[in-house]
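Asker: One structure coming up, written as structure tokens, with questions to follow.
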Amino acid sequence: MTALRVGAASTIINPPMGARKIGFRLFGDPITSIDDDIELGITVLQSKGVMIALIGCDLCLTTTEEANKFRDTVAEVLKIERDKVLLNLSHNHSAGALRGHSGNPSSEAELAVVNEYQIGLIDKIAHCTRAALANMKDARMATAWGAADLNVYRREWRNGQDILGEVVGHPVDDSVGVIRFDDLNGKAIVTLFRYSCHPVVNGAASPTLSADFPGPARRLVSEKVGGVAIFLQGCGGNLNPKVGIGYEKDCSESVYRVGTALGAEVVRIALGLNTHRFQGERTTLNGVPNILFKPWQERTDHPEVTLAGAEEIVKFRYSPLPDEKYLRSQEEHWRKEIED
């Protein structure tokens, strides 16, 4: 069989209570309770003798070493090369920080907790991959695009200073991309959807674990479309939610509103995709000449899909460093800012 086969699974990857969130200036406090479980989802695709895997994950950041360990784990289970495994992080600041990125433990006890969590993550990734592989089915796919007016450009120039604010009217990527994979009867196996926006609706004042807006979006898609739903972050580096970074300790209502709005658009798009049937030419209904419509017809084909993976390390071209006099002046300026 060389035609498309697809399997998917997801798993909860909550850190232990007390783990720190990830952030440089705003986030970083310990997690004290759970608003929403964070998840990791895996989709495995196979066609024409090639297999690839996509990982969608509610974590914020990993080092290259950590990311490669996650990808290697999937590759080992599937017996494929690492370049055929894509890892997509939602960049969720309400997840627990890993060892190597803005969550460096401050004590031996904290180091032990983080190490145990990361070892557990590897085990969960392996188990989730095996579950996705066991769920493989003959499949068809369909794609479409929509839009959601939920994000805003965040780099604002004010009083000669670059600040994290909001620039209303600045062009943004508001597109919502959807890929639906169904079995041959049209039942959803997995829906992949992407949107570009920082998951920071659950703000820095909140001490809770949260998947942020991708969480309620996924739940709605799974409920209304069926199968597994996996969120993929787009180019959201300079895009914040229009509702802003949550200032409240309880941001759950805003998280629900934004996530449900995004999920509703995904549901609208996904339910408009038919993989197992198509509309034929217009014809009369029961021979009545002035009633014309396009009847649905079942698809009988099961097409192949070309799958491939590639990986390249790209080195950034940095600007020259400023001179020491400028750096000293900046140091003094920011010391005064911190004191103020």
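Residue numbers start at 1 in each chain; chains themselves are named A, B, ... in the order of the structure tokens; ligands are numbered from 1 in the order shown.
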Would you please give, as a PyMOL selection string, all residues of range 40-275 of chain A that DSSP assigns to strand (DSSP E or B) based on the backbone?
Answerer: chain A and resi 40-47+50-57+85-89+96+137-147+151-158+161-167+175-183+188-195+208-209+228-233+239-241
Asker: Please, which residues in range 67-165 of chain A fall within 12 Å of range 302-318 of chain A when counting only C-alpha atoms, and what is the closest atom pair and distance in Å to one decimal for each, ordered by chain then residue number, as a Markdown table?
Answerer:
```
| residue | atom | partner | partner_atom | distance |
| --- | --- | --- | --- | --- |
| A:Asn68 | CA | A:Glu311 | CA | 11.6 |
| A:Ile80 | CA | A:Gly309 | CA | 10.4 |
| A:Glu81 | CA | A:Gly309 | CA | 8.8 |
| A:Arg82 | CA | A:Glu311 | CA | 8.6 |
| A:Asp83 | CA | A:Ala310 | CA | 5.2 |
| A:Lys84 | CA | A:Gly309 | CA | 4.4 |
| A:Val85 | CA | A:Gly309 | CA | 7.4 |
| A:Leu86 | CA | A:Gly309 | CA | 8.4 |
| A:Leu87 | CA | A:Glu311 | CA | 11.8 |
| A:Lys137 | CA | A:His302 | CA | 11.8 |
| A:Asp138 | CA | A:His302 | CA | 8.0 |
| A:Ala139 | CA | A:His302 | CA | 7.5 |
| A:Arg140 | CA | A:His302 | CA | 6.8 |
| A:Met141 | CA | A:Val305 | CA | 9.2 |
| A:Ala142 | CA | A:Val305 | CA | 11.6 |
```
Asker: Could those selected residues go to a file with all heavy atoms, as a compact mmCIF listing (two decimals), in the first residue's frame?
Answerer:
```txt
# COMPACT_ATOMS: atom_id res chain seq x y z
N ASN A 68 16.17 18.47 19.70
CA ASN A 68 16.67 17.30 18.97
C ASN A 68 16.42 16.01 19.74
O ASN A 68 16.18 14.96 19.12
CB ASN A 68 18.16 17.47 18.67
CG ASN A 68 18.42 18.46 17.56
OD1 ASN A 68 17.51 18.81 16.80
ND2 ASN A 68 19.64 18.93 17.45
N ILE A 80 12.84 6.28 11.50
CA ILE A 80 13.08 7.23 10.42
C ILE A 80 14.19 8.19 10.84
O ILE A 80 14.62 8.18 12.00
CB ILE A 80 11.81 8.03 10.05
CG1 ILE A 80 11.30 8.83 11.27
CG2 ILE A 80 10.72 7.10 9.52
CD1 ILE A 80 10.09 9.69 10.99
N GLU A 81 14.65 9.03 9.91
CA GLU A 81 15.69 10.01 10.22
C GLU A 81 15.07 11.22 10.93
O GLU A 81 13.89 11.53 10.76
CB GLU A 81 16.39 10.48 8.94
CG GLU A 81 17.11 9.38 8.18
CD GLU A 81 16.17 8.61 7.27
OE1 GLU A 81 14.98 9.01 7.16
OE2 GLU A 81 16.61 7.60 6.69
N ARG A 82 15.90 11.91 11.73
CA ARG A 82 15.40 13.06 12.48
C ARG A 82 14.88 14.17 11.57
O ARG A 82 13.96 14.91 11.94
CB ARG A 82 16.50 13.61 13.39
CG ARG A 82 16.02 14.71 14.33
CD ARG A 82 17.09 15.09 15.32
NE ARG A 82 18.20 15.77 14.69
CZ ARG A 82 19.42 15.87 15.24
NH1 ARG A 82 19.67 15.28 16.40
NH2 ARG A 82 20.37 16.52 14.63
N ASP A 83 15.44 14.32 10.37
CA ASP A 83 15.00 15.41 9.50
C ASP A 83 13.58 15.20 8.99
O ASP A 83 13.02 16.09 8.34
CB ASP A 83 15.97 15.65 8.34
CG ASP A 83 16.08 14.48 7.38
OD1 ASP A 83 15.30 13.51 7.50
OD2 ASP A 83 16.95 14.52 6.49
N LYS A 84 12.99 14.07 9.29
CA LYS A 84 11.60 13.82 8.92
C LYS A 84 10.65 14.02 10.10
O LYS A 84 9.48 13.61 10.04
CB LYS A 84 11.44 12.41 8.33
CG LYS A 84 12.14 12.24 6.98
CD LYS A 84 11.92 10.86 6.40
CE LYS A 84 12.52 10.77 5.00
NZ LYS A 84 13.98 11.01 4.98
N VAL A 85 11.15 14.65 11.16
CA VAL A 85 10.33 14.95 12.34
C VAL A 85 10.34 16.45 12.59
O VAL A 85 11.41 17.04 12.80
CB VAL A 85 10.85 14.21 13.59
CG1 VAL A 85 9.95 14.52 14.79
CG2 VAL A 85 10.91 12.71 13.35
N LEU A 86 9.18 17.07 12.53
CA LEU A 86 9.03 18.51 12.77
C LEU A 86 8.52 18.74 14.19
O LEU A 86 7.56 18.11 14.62
CB LEU A 86 8.04 19.12 11.78
CG LEU A 86 7.60 20.56 12.07
CD1 LEU A 86 8.73 21.53 11.83
CD2 LEU A 86 6.39 20.94 11.23
N LEU A 87 9.18 19.62 14.93
CA LEU A 87 8.73 20.03 16.26
C LEU A 87 8.25 21.47 16.19
O LEU A 87 9.00 22.36 15.81
CB LEU A 87 9.86 19.90 17.28
CG LEU A 87 9.57 20.47 18.67
CD1 LEU A 87 8.45 19.70 19.36
CD2 LEU A 87 10.83 20.45 19.53
N LYS A 137 -4.34 4.77 9.80
CA LYS A 137 -5.46 4.37 8.96
C LYS A 137 -5.26 4.89 7.53
O LYS A 137 -4.56 5.90 7.33
CB LYS A 137 -6.78 4.95 9.49
CG LYS A 137 -7.16 4.48 10.88
CD LYS A 137 -8.45 5.16 11.32
CE LYS A 137 -8.85 4.73 12.73
NZ LYS A 137 -10.07 5.42 13.19
N ASP A 138 -5.87 4.22 6.57
CA ASP A 138 -5.93 4.77 5.23
C ASP A 138 -6.63 6.13 5.31
O ASP A 138 -7.65 6.27 5.99
CB ASP A 138 -6.71 3.85 4.29
CG ASP A 138 -5.96 2.54 4.03
OD1 ASP A 138 -4.75 2.50 4.27
OD2 ASP A 138 -6.61 1.58 3.60
N ALA A 139 -6.10 7.12 4.60
CA ALA A 139 -6.58 8.49 4.82
C ALA A 139 -6.59 9.31 3.55
O ALA A 139 -5.89 9.00 2.57
CB ALA A 139 -5.71 9.18 5.88
N ARG A 140 -7.38 10.34 3.60
CA ARG A 140 -7.35 11.41 2.61
C ARG A 140 -7.17 12.73 3.35
O ARG A 140 -7.41 12.82 4.55
CB ARG A 140 -8.65 11.46 1.79
CG ARG A 140 -8.97 10.21 0.99
CD ARG A 140 -10.16 10.47 0.07
NE ARG A 140 -10.58 9.28 -0.66
CZ ARG A 140 -11.61 8.51 -0.31
NH1 ARG A 140 -12.33 8.83 0.76
NH2 ARG A 140 -11.93 7.46 -1.02
N MET A 141 -6.74 13.75 2.61
CA MET A 141 -6.51 15.04 3.24
C MET A 141 -7.15 16.16 2.44
O MET A 141 -7.39 16.03 1.23
CB MET A 141 -5.01 15.33 3.38
CG MET A 141 -4.26 15.47 2.07
SD MET A 141 -2.51 15.90 2.29
CE MET A 141 -2.66 17.61 2.82
N ALA A 142 -7.45 17.26 3.13
CA ALA A 142 -7.97 18.46 2.48
C ALA A 142 -7.48 19.67 3.27
O ALA A 142 -7.24 19.58 4.48
CB ALA A 142 -9.49 18.44 2.43
```
Asker: Quick one: residues within 12 Å of Ile34 in chain A, only C-alpha atoms counted, chain neighbours fewer than 5 positions away excluded, as JSON, numbers by chain?
Answerer: {"A": [14, 15, 16, 17, 18, 19, 94, 95, 96, 202, 206, 207, 208, 209, 210, 211, 212, 250, 252]}
Asker: What is the CA of Gly49 in chain A-CA of Lys79 in chain A distance in Å, reported with one decimal?
Answerer: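 These two atoms are separated by 12.5 Å.
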Asker: Just the helix (DSSP H, G or I) stuff from range 25-97 of chain A, please, per backbone DSSP, written as a list in words.
Answerer: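 Reading the DSSP output for range 25-97 of chain A, helix (DSSP H, G or I) covers Thr64, Glu65, Glu66, Ala67, Asn68, Lys69, Phe70, Arg71, Asp72, Thr73, Val74, Ala75, Glu76, Val77, Leu78, Arg82, Asp83 and Lys84 of chain A.
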Asker: Can those selected residues be exported to a file as a compact mmCIF listing (two decimals), in the first residue's frame so that it contains N, CA and C atoms?
Answerer:
```
# COMPACT_ATOMS: atom_id res chain seq x y z
N THR A 64 18.31 23.82 21.29
CA THR A 64 18.45 22.93 20.14
C THR A 64 18.67 21.49 20.61
N GLU A 65 19.47 21.33 21.66
CA GLU A 65 19.74 19.99 22.19
C GLU A 65 18.45 19.33 22.69
N GLU A 66 17.62 20.09 23.41
CA GLU A 66 16.37 19.54 23.93
C GLU A 66 15.42 19.20 22.78
N ALA A 67 15.32 20.11 21.81
CA ALA A 67 14.44 19.86 20.66
C ALA A 67 14.88 18.61 19.90
N ASN A 68 16.17 18.47 19.70
CA ASN A 68 16.67 17.30 18.97
C ASN A 68 16.42 16.01 19.74
N LYS A 69 16.46 16.07 21.06
CA LYS A 69 16.17 14.90 21.86
C LYS A 69 14.71 14.48 21.67
N PHE A 70 13.79 15.45 21.66
CA PHE A 70 12.38 15.16 21.42
C PHE A 70 12.21 14.52 20.03
N ARG A 71 12.85 15.12 19.03
CA ARG A 71 12.70 14.63 17.66
C ARG A 71 13.34 13.26 17.49
N ASP A 72 14.50 13.08 18.13
CA ASP A 72 15.17 11.78 18.06
C ASP A 72 14.30 10.68 18.66
N THR A 73 13.59 11.01 19.74
CA THR A 73 12.73 10.03 20.38
C THR A 73 11.66 9.54 19.42
N VAL A 74 11.03 10.49 18.71
CA VAL A 74 10.01 10.13 17.72
C VAL A 74 10.63 9.34 16.58
N ALA A 75 11.78 9.80 16.11
CA ALA A 75 12.44 9.13 14.98
C ALA A 75 12.82 7.70 15.32
N GLU A 76 13.27 7.47 16.54
CA GLU A 76 13.67 6.11 16.94
C GLU A 76 12.47 5.17 16.96
N VAL A 77 11.34 5.65 17.47
CA VAL A 77 10.14 4.81 17.51
C VAL A 77 9.67 4.48 16.09
N LEU A 78 9.71 5.47 15.21
CA LEU A 78 9.21 5.28 13.84
C LEU A 78 10.25 4.69 12.89
N ARG A 82 15.90 11.91 11.73
CA ARG A 82 15.40 13.06 12.48
C ARG A 82 14.88 14.17 11.57
N ASP A 83 15.44 14.32 10.37
CA ASP A 83 15.00 15.41 9.50
C ASP A 83 13.58 15.20 8.99
N LYS A 84 12.99 14.07 9.29
CA LYS A 84 11.60 13.82 8.92
C LYS A 84 10.65 14.02 10.10
```
Asker: Might you pull out every residue within 8 Å of Arg299 in chain A, with only C-alpha atoms counted and same-chain residues fewer than 5 positions away left off, and present them as a PDB file with C-alpha atoms, in the first residue's frame?
Answerer:
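Produced file out-v7.pdb, reproduced below:
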```
ATOM      1  CA  THR A 275     -12.602  14.250   1.769  1.00  0.00           C
ATOM      2  CA  HIS A 276     -14.948  11.332   1.058  1.00  0.00           C
ATOM      3  CA  ARG A 277     -17.440  13.015  -1.288  1.00  0.00           C
ATOM      4  CA  PHE A 278     -17.700  15.760  -3.882  1.00  0.00           C
TER       5      PHE A 278
END
```
Asker: Quick one: residues within 12 Å of Lys224 in chain A, only C-alpha atoms counted, chain neighbours fewer than 2 positions away excluded, as number ranges by chain?
Answerer: A: 187-188, 191, 217-222, 226-229, 260, 263-271
Asker: CA of Leu262 in chain A to CA of Leu192 in chain A: how many Å, to one decimal?
Answerer: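 Here the two named atoms are 13.0 Å from each other.
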Asker: With distances taken over only C-alpha atoms, which residue among A:Leu45, A:Val50, A:Ala134, A:Leu59 lies nearest Ile13 in chain A?
Answerer: A:Leu59
Asker: Could you give me, as a Markdown table, a per-residue list for range 65-136 of chain A showing, wherever an atom lies at most 10 Å from an atom of range 196-200 of chain A, the closest pair of atoms and their distance in Å to one decimal, using only C-alpha atoms and sorting by chain then residue number from low to high?
Answerer:
```
| residue | atom | partner | partner_atom | distance |
| --- | --- | --- | --- | --- |
| A:Ser90 | CA | A:Pro199 | CA | 7.2 |
| A:His91 | CA | A:Pro199 | CA | 6.6 |
| A:Asn92 | CA | A:Pro199 | CA | 5.0 |
| A:His93 | CA | A:Val200 | CA | 6.2 |
| A:Ser94 | CA | A:Val200 | CA | 7.4 |
```
Asker: Write to file, as a PDB file, in the first residue's frame, the residues of the selection just made, with N, CA and C atoms.
Answerer:
```pdb
ATOM      1  N   SER A  90       4.179  25.989  20.721  1.00  0.00           N
ATOM      2  CA  SER A  90       3.202  27.083  20.682  1.00  0.00           C
ATOM      3  C   SER A  90       3.769  28.370  21.269  1.00  0.00           C
ATOM      4  N   HIS A  91       4.899  28.297  21.957  1.00  0.00           N
ATOM      5  CA  HIS A  91       5.527  29.435  22.641  1.00  0.00           C
ATOM      6  C   HIS A  91       4.633  29.939  23.772  1.00  0.00           C
ATOM      7  N   ASN A  92       4.053  29.009  24.483  1.00  0.00           N
ATOM      8  CA  ASN A  92       3.131  29.296  25.580  1.00  0.00           C
ATOM      9  C   ASN A  92       3.902  29.652  26.844  1.00  0.00           C
ATOM     10  N   HIS A  93       3.735  30.891  27.310  1.00  0.00           N
ATOM     11  CA  HIS A  93       4.476  31.345  28.488  1.00  0.00           C
ATOM     12  C   HIS A  93       3.893  30.828  29.799  1.00  0.00           C
ATOM     13  N   SER A  94       2.749  30.156  29.748  1.00  0.00           N
ATOM     14  CA  SER A  94       2.156  29.599  30.966  1.00  0.00           C
ATOM     15  C   SER A  94       2.442  28.117  31.116  1.00  0.00           C
TER      16      SER A  94
END
```
Asker: Fewer than 3 positions away in the same chain doesn't count, so skip those; otherwise give me all residues within 10 Å of Ile12 in chain A, counting only C-alpha atoms, as a list in words.
Answerer: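 Once the nearby chain positions are removed, what remains is Pro15, Asp37, Ile38, Glu39, Leu40, Gly41, Cys57, Asp58, Leu121, Lys124 and Cys128 of chain A.
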